[in-house]
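Structure first, commentary second.
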Amino acid sequence: MSAAIPASTAPVIVWFRQDLRLADNPALMCAVESGRPIVPVYILDDETPGRWKMGGASRWWLHHSLAALGDAIKSAGNTLILRRGPARECLHTLIEETGATHVVWNRCYEPQARHRDEALKTELKSRDIAVSSFNGGLLVEPWQVKTKAGDPYKVFTPFWREARQHLGAVDPLKAPTSLPASDGDIASDDLDDWALLPTVPNCAQGFGERWTPGETGARDAASEFIDARINSYSDSRDRPDINGTSSLSPHLHFGEVSPRQIWSAVSHACDGVRSQGAQKFLSEIGWREFAHSLLFHFPELLEENFQAKFNHFQWSKDDAGLVEWQQGKTGYPFVDAGMRQLWSTGWMHNRVRMVVASFLIKHLQIDWRKGQDWFWDTLVDADLANNAAGWQWVAGSGADAAPYFRIFNPISQGEKFDPQGDYVRRFVPELARMPTKWIHQPWAAPDSVLRAARVDLGTTYPRPIVDHKTARERALSAFKDLKSAA
DNA sequence: TTTTGAGTTGTTCGA
DNA sequence: GTCGAACAACTCAAA
């Protein structure tokens with residue numbers, strides 16, 4: 001915990017980053033408690049993240065989330081200032097303009113953000129500008145969870161067991177009702193001028209129907225899930241054809257709700273943390289903690305195989321296969337449904353993420369980093385830590401990763417988790433008339449069935465771009481060789 | 001230091 | 001249709 005801010009009339013800058021909320025926002029609360037005028041700012045910084053500049057779908061979300069945050073701040077009697085450019089320069093300018101003597105923020109854990117923040121902290125302090133940073137994004141700070149030997153955990157189960165020990169009573173902060181403004185006008189960009197929304201009109205059409213970005217939308221989504229669905233989470237979470245998951249990932253990524261708020265709400269719900277569904281759900285929050293901890297301790301997780309023996313692997317340069325995967329035209333309906341759900345809604349069900357990732361890596365033998373890039377650009381919940389950890393997990397190159405012989409069968413996964421084929425029919429409409437028996441493998445259906453369903457393979461819907469059995473055997477032998485190549 | 005038990009999510013094959 | 005075994009060691013974390 002940082003010390004309280006000394007009394008003064010000089011304003012405090014509250015720098016919003018991945019914490020676009022008023023409730024349970026420790027940095028904001030610190031500023032409020034100082035009694036000083038508050039200058040809330042969001043900075044669109046496309047330079048600091050380098051190659052990991054925010055992707056298209058995330059920008060759509062950001063636009064709406066900032067609009068919501070701006071409204072909430074306005075209701076509290078203040079104005080959210082928008083600035084664009086390198087954060088360091090923007091903050092210096094804002095400090096000069098406002099006479100602020102203190103800057104507060106909640107911590108980020110991505111390597112680029114950490115380097116930026118550390119340098120800024122040093123620089124600002126040398127100029128007598130005080131800086132306070134807080135934990136607003138994780139249940140437990142990554143440096144708090146260590147093995148008995150003092151090392152970071154590389155296996156989830158012991159990590160989560162230990163992390164939970166660090167959680168005392170979780171009591172989220174209430175949203176401040178009033179945010180005193182500083183005197184005088186402070187210049188702000190117009191959100192619309194940032195052009196965060198896609199220019200291709202049909203691109204994000206489905207996003208708005210699916211999502212309500214912002215703190216209110218996040219709170220509604222969380223209570224709906226916890227009140228009505230969490231008890232069946234264990235059974236429903238693997239079914240992309242039904243609404244079984246929490247859908248909280250983008251809200252969590254942008255910090256519209258904090259994991260502490262979620263933890264507290266789950267703990268207070270009827271069945272509480274004793275219910276199997278609640279335990280399962282909280283362990284997913286635990287995976288988010290684990291991924292952030294991994295990235296904090298091993299920043300190279302973003303770009304390099306966590307297990308070096310994968311560095312020898314010869315990835316395919318099959319650009320055509322990559323494009324067919326991206327467009328949802330692999331000829332495997334379950335895979336294609338997932339990729340099209342991603343494109344049309346900015347999100348994909350977790351079960352299907354594993355299947356499509358396995359297909360790209362194992363069946364097509366395309367480098368997991370190509371998939372990581374695509375997800376980064378197209379997911380509204382794109383999160384550097386979760387994305388890198390997830391892709392490396394499927395590839396088998398990560399921490400606590402899947403064994404090489406775990407190759408998802410896109411047909412049987414579809415039959416198991418989309419048993420009626422409703423998910424496929426929703427996102428692959430050209431297969432809508434296929435009978436359930438054949439919907440996950442239309443190429444195997446008799447001609448008469450295909451004709452009746454008005455499916456002309458190779459024309460209205462592609463034939464499989466690889467044969468499952470062949471691709472599986474090829475992957476098994478290729479990944480098996482990694483052992484000897486190490 | 002050495003030992004020991006354990007480790008998100010699967011598939012296929014043969015009895 | 002159902003069930004168990006094989007798939008492959010390897011590394012991690014704690015005692």
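Residues are referred to by chain and number: the chain letter is A, B, ... according to the order shown in the structure tokens, the number counts from 1 in that chain, and ligands are numbered separately from 1 in the order shown.
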
Determine, counting only C-alpha atoms (C1' of nucleotides), which protein, DNA and RNA residues have an atom within 10 Å of an atom of C:DT11; residues of the same chain fewer than 6 positions away are not included. Present the result as a count of residues only.
5

Any chance you could tabulate, as JSON lines, the residues of chain A at most 12 Å from chain C with each one's nearest atom pair and distance in Å to one decimal, using only C-alpha atoms (C1' of nucleotides), in chain and rising number order?
```
{"residue": "A:Lys146", "atom": "CA", "partner": "C:DA13", "partner_atom": "C1'", "distance": 10.7}
{"residue": "A:Thr147", "atom": "CA", "partner": "C:DA13", "partner_atom": "C1'", "distance": 7.2}
{"residue": "A:Lys148", "atom": "CA", "partner": "C:DA14", "partner_atom": "C1'", "distance": 7.7}
{"residue": "A:Ala149", "atom": "CA", "partner": "C:DA13", "partner_atom": "C1'", "distance": 8.7}
{"residue": "A:Gly150", "atom": "CA", "partner": "C:DA13", "partner_atom": "C1'", "distance": 11.0}
{"residue": "A:Asp151", "atom": "CA", "partner": "C:DA13", "partner_atom": "C1'", "distance": 10.0}
{"residue": "A:Pro152", "atom": "CA", "partner": "C:DA13", "partner_atom": "C1'", "distance": 10.7}
{"residue": "A:Tyr153", "atom": "CA", "partner": "C:DC12", "partner_atom": "C1'", "distance": 8.4}
{"residue": "A:Lys154", "atom": "CA", "partner": "C:DC12", "partner_atom": "C1'", "distance": 7.1}
{"residue": "A:Val155", "atom": "CA", "partner": "C:DC12", "partner_atom": "C1'", "distance": 6.9}
{"residue": "A:Phe156", "atom": "CA", "partner": "C:DC12", "partner_atom": "C1'", "distance": 10.4}
{"residue": "A:Thr157", "atom": "CA", "partner": "C:DA13", "partner_atom": "C1'", "distance": 10.5}
{"residue": "A:Pro158", "atom": "CA", "partner": "C:DA13", "partner_atom": "C1'", "distance": 7.8}
{"residue": "A:Phe159", "atom": "CA", "partner": "C:DA13", "partner_atom": "C1'", "distance": 10.0}
{"residue": "A:Glu162", "atom": "CA", "partner": "C:DA13", "partner_atom": "C1'", "distance": 11.6}
{"residue": "A:Gln307", "atom": "CA", "partner": "C:DT11", "partner_atom": "C1'", "distance": 10.9}
{"residue": "A:Ala399", "atom": "CA", "partner": "C:DT11", "partner_atom": "C1'", "distance": 10.0}
{"residue": "A:Asp400", "atom": "CA", "partner": "C:DC12", "partner_atom": "C1'", "distance": 9.1}
{"residue": "A:Ala401", "atom": "CA", "partner": "C:DT11", "partner_atom": "C1'", "distance": 11.2}
{"residue": "A:Pro403", "atom": "CA", "partner": "C:DA8", "partner_atom": "C1'", "distance": 8.8}
{"residue": "A:Tyr404", "atom": "CA", "partner": "C:DA8", "partner_atom": "C1'", "distance": 9.2}
{"residue": "A:Phe405", "atom": "CA", "partner": "C:DC7", "partner_atom": "C1'", "distance": 6.6}
{"residue": "A:Arg406", "atom": "CA", "partner": "C:DC7", "partner_atom": "C1'", "distance": 9.0}
{"residue": "A:Ile407", "atom": "CA", "partner": "C:DC7", "partner_atom": "C1'", "distance": 11.3}
{"residue": "A:Leu476", "atom": "CA", "partner": "C:DC7", "partner_atom": "C1'", "distance": 9.7}
{"residue": "A:Ser477", "atom": "CA", "partner": "C:DC7", "partner_atom": "C1'", "distance": 11.7}
{"residue": "A:Phe479", "atom": "CA", "partner": "C:DA8", "partner_atom": "C1'", "distance": 11.6}
{"residue": "A:Lys480", "atom": "CA", "partner": "C:DA8", "partner_atom": "C1'", "distance": 8.9}
{"residue": "A:Asp481", "atom": "CA", "partner": "C:DA8", "partner_atom": "C1'", "distance": 11.5}
{"residue": "A:Leu482", "atom": "CA", "partner": "C:DA8", "partner_atom": "C1'", "distance": 11.6}
{"residue": "A:Lys483", "atom": "CA", "partner": "C:DA9", "partner_atom": "C1'", "distance": 8.9}
{"residue": "A:Ser484", "atom": "CA", "partner": "C:DA9", "partner_atom": "C1'", "distance": 11.6}
```

Applying 7 Å and only C-alpha atoms (C1' of nucleotides), which residues near stretch 452-462 of chain A remain after dropping the ones on its own chain fewer than 5 positions away? List them as a list in words.
Lys329, Thr330, Gly331, Glu430, Leu431, Arg433 and Met434 of chain A

Saved selection, atoms kept: N, CA and C atoms, as a compact mmCIF listing (two decimals), in the first residue's frame:
```txt
# COMPACT_ATOMS: atom_id res chain seq x y z
N LYS A 329 -12.78 -21.50 -43.33
CA LYS A 329 -13.03 -22.29 -44.52
C LYS A 329 -12.12 -23.51 -44.57
N THR A 330 -12.00 -24.18 -43.43
CA THR A 330 -11.13 -25.35 -43.38
C THR A 330 -11.85 -26.61 -43.83
N GLY A 331 -13.17 -26.55 -43.91
CA GLY A 331 -13.94 -27.74 -44.24
C GLY A 331 -14.32 -28.57 -43.02
N GLU A 430 -24.43 -22.05 -44.29
CA GLU A 430 -24.58 -22.90 -45.49
C GLU A 430 -24.74 -24.37 -45.13
N LEU A 431 -24.53 -24.71 -43.86
CA LEU A 431 -24.76 -26.09 -43.42
C LEU A 431 -26.04 -26.21 -42.59
N ARG A 433 -29.04 -26.77 -43.13
CA ARG A 433 -30.01 -27.83 -43.41
C ARG A 433 -29.43 -29.23 -43.25
N MET A 434 -28.15 -29.30 -42.90
CA MET A 434 -27.56 -30.63 -42.73
C MET A 434 -28.16 -31.33 -41.52
```

Apply DSSP to the structure's backbone, then extract all residues of stretch 410-449 of chain A labelled alpha helix (DSSP H) and return them as a list of chain:residue names.
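Checking each residue of stretch 410-449 of chain A, the alpha helix (DSSP H) ones are A:Pro410, A:Ile411, A:Ser412, A:Gln413, A:Gly414, A:Glu415, A:Lys416, A:Phe417, A:Asp422, A:Tyr423, A:Val424, A:Arg425, A:Arg426, A:Phe427, A:Asp447, A:Ser448, A:Val449.
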
Expected file contents, prior selection, N, CA and C atoms, as a PDB file, in the first residue's frame:
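Everything below was put into selection-v3.pdb:
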```
ATOM      1  N   PRO A 410     -11.376 -32.646 -34.530  1.00  0.00           N
ATOM      2  CA  PRO A 410     -12.399 -31.618 -34.743  1.00  0.00           C
ATOM      3  C   PRO A 410     -13.797 -32.198 -34.975  1.00  0.00           C
ATOM      4  N   ILE A 411     -13.853 -33.452 -35.378  1.00  0.00           N
ATOM      5  CA  ILE A 411     -15.160 -34.081 -35.584  1.00  0.00           C
ATOM      6  C   ILE A 411     -15.744 -34.522 -34.239  1.00  0.00           C
ATOM      7  N   SER A 412     -14.970 -35.299 -33.492  1.00  0.00           N
ATOM      8  CA  SER A 412     -15.530 -35.817 -32.240  1.00  0.00           C
ATOM      9  C   SER A 412     -15.709 -34.713 -31.205  1.00  0.00           C
ATOM     10  N   GLN A 413     -14.866 -33.686 -31.233  1.00  0.00           N
ATOM     11  CA  GLN A 413     -15.090 -32.552 -30.337  1.00  0.00           C
ATOM     12  C   GLN A 413     -16.421 -31.877 -30.654  1.00  0.00           C
ATOM     13  N   GLY A 414     -16.704 -31.753 -31.938  1.00  0.00           N
ATOM     14  CA  GLY A 414     -17.989 -31.174 -32.342  1.00  0.00           C
ATOM     15  C   GLY A 414     -19.150 -32.033 -31.886  1.00  0.00           C
ATOM     16  N   GLU A 415     -19.034 -33.335 -32.112  1.00  0.00           N
ATOM     17  CA  GLU A 415     -20.133 -34.230 -31.740  1.00  0.00           C
ATOM     18  C   GLU A 415     -20.348 -34.263 -30.234  1.00  0.00           C
ATOM     19  N   LYS A 416     -19.257 -34.112 -29.511  1.00  0.00           N
ATOM     20  CA  LYS A 416     -19.360 -34.185 -28.055  1.00  0.00           C
ATOM     21  C   LYS A 416     -19.903 -32.892 -27.446  1.00  0.00           C
ATOM     22  N   PHE A 417     -19.436 -31.761 -27.939  1.00  0.00           N
ATOM     23  CA  PHE A 417     -19.762 -30.498 -27.275  1.00  0.00           C
ATOM     24  C   PHE A 417     -20.782 -29.652 -28.036  1.00  0.00           C
ATOM     25  N   ASP A 422     -26.224 -27.192 -33.268  1.00  0.00           N
ATOM     26  CA  ASP A 422     -26.799 -25.840 -33.278  1.00  0.00           C
ATOM     27  C   ASP A 422     -25.733 -24.764 -33.430  1.00  0.00           C
ATOM     28  N   TYR A 423     -24.604 -24.986 -32.786  1.00  0.00           N
ATOM     29  CA  TYR A 423     -23.514 -23.999 -32.851  1.00  0.00           C
ATOM     30  C   TYR A 423     -23.011 -23.865 -34.288  1.00  0.00           C
ATOM     31  N   VAL A 424     -22.817 -25.009 -34.939  1.00  0.00           N
ATOM     32  CA  VAL A 424     -22.370 -24.978 -36.330  1.00  0.00           C
ATOM     33  C   VAL A 424     -23.422 -24.291 -37.204  1.00  0.00           C
ATOM     34  N   ARG A 425     -24.687 -24.637 -37.013  1.00  0.00           N
ATOM     35  CA  ARG A 425     -25.731 -24.048 -37.863  1.00  0.00           C
ATOM     36  C   ARG A 425     -25.798 -22.541 -37.702  1.00  0.00           C
ATOM     37  N   ARG A 426     -25.536 -22.057 -36.469  1.00  0.00           N
ATOM     38  CA  ARG A 426     -25.619 -20.619 -36.226  1.00  0.00           C
ATOM     39  C   ARG A 426     -24.524 -19.866 -36.971  1.00  0.00           C
ATOM     40  N   PHE A 427     -23.328 -20.423 -36.986  1.00  0.00           N
ATOM     41  CA  PHE A 427     -22.213 -19.652 -37.540  1.00  0.00           C
ATOM     42  C   PHE A 427     -21.771 -20.119 -38.927  1.00  0.00           C
ATOM     43  N   ASP A 447     -24.556 -38.662 -50.938  1.00  0.00           N
ATOM     44  CA  ASP A 447     -24.892 -37.599 -51.887  1.00  0.00           C
ATOM     45  C   ASP A 447     -26.322 -37.119 -51.742  1.00  0.00           C
ATOM     46  N   SER A 448     -27.225 -38.085 -51.490  1.00  0.00           N
ATOM     47  CA  SER A 448     -28.640 -37.711 -51.393  1.00  0.00           C
ATOM     48  C   SER A 448     -28.864 -36.754 -50.214  1.00  0.00           C
ATOM     49  N   VAL A 449     -28.166 -37.016 -49.122  1.00  0.00           N
ATOM     50  CA  VAL A 449     -28.298 -36.140 -47.946  1.00  0.00           C
ATOM     51  C   VAL A 449     -27.770 -34.744 -48.270  1.00  0.00           C
TER      52      VAL A 449
END
```

Grab the atom CA of A:Leu44 to atom CA of A:Phe375 distance for me, in Å with one decimal place.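 Distance between the two atoms: 20.7 Å.
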
For chain A, work out the contacting residues on chain B at 12 Å, counting only C-alpha atoms (C1' of nucleotides), and write them as number ranges by chain. B: 6-12

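Separating atom CA of A:Val41 from atom CA of A:Arg83 is a distance of 7.4 Å.
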
Contacts of stretch 128-135 of chain A within 8 Å, only C-alpha atoms (C1' of nucleotides), excl. fewer than 2 positions in-chain, as a PyMOL selection string
chain A and resi 1-2+26-27+100-107+121+124-126+137-138+141

* To do: Once DSSP has gone over the backbone, tell me which residues of stretch 85-189 of chain A are in strand (DSSP E or B), as number ranges by chain.
  => A: 102-106, 130-134, 181

Mind dumping the selected residues with N, CA and C atoms as a tab-separated table (two decimals), in the first residue's frame?
```
chain	number	residue	atom	x	y	z
A	102	HIS	N	0.92	15.01	-8.32
A	102	HIS	CA	0.83	13.60	-7.96
A	102	HIS	C	0.14	12.86	-9.09
A	103	VAL	N	0.66	11.67	-9.41
A	103	VAL	CA	0.04	10.82	-10.43
A	103	VAL	C	-0.21	9.45	-9.81
A	104	VAL	N	-1.41	8.92	-10.01
A	104	VAL	CA	-1.71	7.58	-9.49
A	104	VAL	C	-2.22	6.68	-10.61
A	105	TRP	N	-1.91	5.40	-10.51
A	105	TRP	CA	-2.44	4.43	-11.47
A	105	TRP	C	-2.49	3.05	-10.84
A	106	ASN	N	-3.24	2.16	-11.49
A	106	ASN	CA	-3.24	0.74	-11.13
A	106	ASN	C	-2.29	0.01	-12.06
A	130	ALA	N	5.07	13.20	-7.33
A	130	ALA	CA	4.90	11.93	-6.61
A	130	ALA	C	4.08	10.96	-7.46
A	131	VAL	N	4.40	9.69	-7.31
A	131	VAL	CA	3.69	8.64	-8.05
A	131	VAL	C	3.26	7.56	-7.07
A	132	SER	N	2.02	7.12	-7.17
A	132	SER	CA	1.58	5.97	-6.39
A	132	SER	C	0.93	4.97	-7.31
A	133	SER	N	1.31	3.70	-7.18
A	133	SER	CA	0.70	2.67	-8.01
A	133	SER	C	0.05	1.62	-7.11
A	134	PHE	N	-0.94	0.94	-7.66
A	134	PHE	CA	-1.78	0.05	-6.85
A	134	PHE	C	-2.07	-1.23	-7.61
A	181	ALA	N	-13.51	18.21	-9.45
A	181	ALA	CA	-12.75	18.59	-10.63
A	181	ALA	C	-11.80	19.73	-10.28
```

Would you list the contacts of A:Met348 as a PyMOL selection string, taking every protein, DNA or RNA residue within 12 Å and counting only C-alpha atoms (C1' of nucleotides), but skipping same-chain residues closer than 2 positions in sequence? chain A and resi 210+238-241+245+247+249-250+334-346+350-357+375+378-382+423+427
